[in-house]
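Worksheet: one structure, shown below.
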Amino acid sequence: MTVHAPIQADFRYDVTERGEAGLSLAVSIFADRGHLRDTIREDALAAGLNIREAASLATLIEGAARPLGDVVMLDCPSVDAATMAALVRLDMRAANSGARLIVSTSLDALDDVFGCMDQSGPLLLVNPGRGERMVALGQVLARNDGSRLRELSEEDRVM
């Protein structure tokens with residue numbers, strides 16, 4: 001009697017920053033502070049991500065629903081009623097689409113932002129620096145489903 005081990009897919013080394021189809025992940029950046037938006041954009045490009053959109057937070061508030069990237073980086077240092085409505089809508093859309101959210105905010109707005117983000121499990125950063133944003137981006141990329149390592153089968157170990 002011959003017992004065959006289950007066939008395992010070969011490990012692909014190129015998926016650390018890529019989706020299942022081998023395409024680079026896309027990031028959407030929303031920040032009202034232009035210099036911060038540019039810095040986040042540079043860091044995302046350095047991480048090998050494609051920029052789907054880099055716009056002000058007002059585009060989320062005023063505009064119609066738009067396609068989101070695989071990762072959404074949002075800077076929201078202050079909150080008003082319109083911003084809260086946009087955050088709730090973004091949270092629901094991210095939860096439904098599987099997009100990962102990284103939200104930076106201030107200590108004053110943390111409670112309001114936290115209350116709006118209950119479905120998508122975002123990474124919330126309070127007054128982060130550039131390094132903290134990069135670490136958060138790395139955490140999101142590490143959790144990407146396409147970057148898992150498989151255990152060698154018994155047959156592979158013998159060979």
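Just remember, in the structure tokens the first chain shown is A, the second B, etc., residues are 1-based per chain, and ligands are 1-based in the order shown.
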
Exercise. Which residues, written as a list in words, have at least one atom at most 12 Å from Leu45 (chain A), with only C-alpha atoms counted and residues fewer than 4 positions away on the same chain left out?
Worked result: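 My reading of the contact set: Glu17, Ser24, Leu25, Ala26, Val27, Ser28, Ile29, Asp38, Thr39, Ile40, Arg41, Leu49, Asn50, Ile51, Arg52, Ala54, Met134 and Leu137 of chain A.
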
Problem set entry | Non-local contacts of Pro122 (chain A) (10 Å; only C-alpha atoms; under 6 positions in same chain excluded) as a ChimeraX atom specification | /A:72-73,91,94-95,99-103,114,140

Exercise. Excluding same-chain residues fewer than 4 positions from Arg37 (chain A), what lies within 9 Å of it counting only C-alpha atoms, as an NGL selection string?
Worked result: :A and (29-33 or 41-42 or 54-56 or 75)

Restricting the output to N, CA, C and O atoms, write the selected residues as a CSV table (one decimal), in the first residue's frame.
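Contents of again06.csv, as written:
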chain,number,residue,atom,x,y,z
A,29,ILE,N,-3.7,56.6,0.0
A,29,ILE,CA,-3.2,57.5,1.0
A,29,ILE,C,-4.1,58.7,1.1
A,29,ILE,O,-4.4,59.4,0.1
A,30,PHE,N,-4.6,59.0,2.3
A,30,PHE,CA,-5.5,60.1,2.5
A,30,PHE,C,-5.0,60.9,3.7
A,30,PHE,O,-4.9,60.5,4.8
A,31,ALA,N,-4.5,62.2,3.4
A,31,ALA,CA,-4.0,63.1,4.5
A,31,ALA,C,-4.2,64.5,4.0
A,31,ALA,O,-3.9,64.8,2.8
A,32,ASP,N,-4.6,65.3,4.9
A,32,ASP,CA,-4.8,66.8,4.6
A,32,ASP,C,-3.5,67.5,4.5
A,32,ASP,O,-3.3,68.5,3.8
A,33,ARG,N,-2.5,67.1,5.4
A,33,ARG,CA,-1.2,67.8,5.4
A,33,ARG,C,-0.4,67.3,4.2
A,33,ARG,O,0.0,66.1,4.2
A,41,ARG,N,3.8,58.7,0.9
A,41,ARG,CA,3.8,58.2,-0.5
A,41,ARG,C,5.3,57.7,-0.8
A,41,ARG,O,5.4,56.7,-1.4
A,42,GLU,N,6.3,58.5,-0.4
A,42,GLU,CA,7.7,58.1,-0.7
A,42,GLU,C,8.0,56.8,0.1
A,42,GLU,O,8.6,55.9,-0.5
A,54,ALA,N,-3.4,59.2,-3.8
A,54,ALA,CA,-2.8,60.0,-2.7
A,54,ALA,C,-3.6,61.3,-2.8
A,54,ALA,O,-3.4,62.2,-3.7
A,55,ALA,N,-4.5,61.5,-1.8
A,55,ALA,CA,-5.4,62.7,-1.9
A,55,ALA,C,-5.6,63.2,-0.4
A,55,ALA,O,-5.3,62.6,0.5
A,56,SER,N,-6.3,64.3,-0.4
A,56,SER,CA,-6.7,64.9,0.9
A,56,SER,C,-7.9,64.1,1.5
A,56,SER,O,-8.6,63.4,0.8
A,75,ASP,N,-4.4,59.8,7.6
A,75,ASP,CA,-4.0,60.7,8.7
A,75,ASP,C,-5.2,61.5,9.0
A,75,ASP,O,-5.8,62.2,8.2

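Straight-line separation from CA of Glu132 (chain A) to CA of Ala81 (chain A): 27.8 Å.
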
Problem set entry | Residue set, region 13-143 of chain A restricted to strand (DSSP E or B), as a PyMOL selection string | chain A and resi 18+24+26-30+50-55+71-76+100-105+123-126

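Among the candidates A:Leu123, A:Leu74, A:Ala64, A:Leu87, the one nearest to Val135 (chain A) when counting only C-alpha atoms is A:Leu123.
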
Exercise. For Gly69 (chain A), which residue among A:Leu57, A:Ala85, A:Met92, A:Ser97 is the nearest when counting only C-alpha atoms?
Worked result: A:Ser97
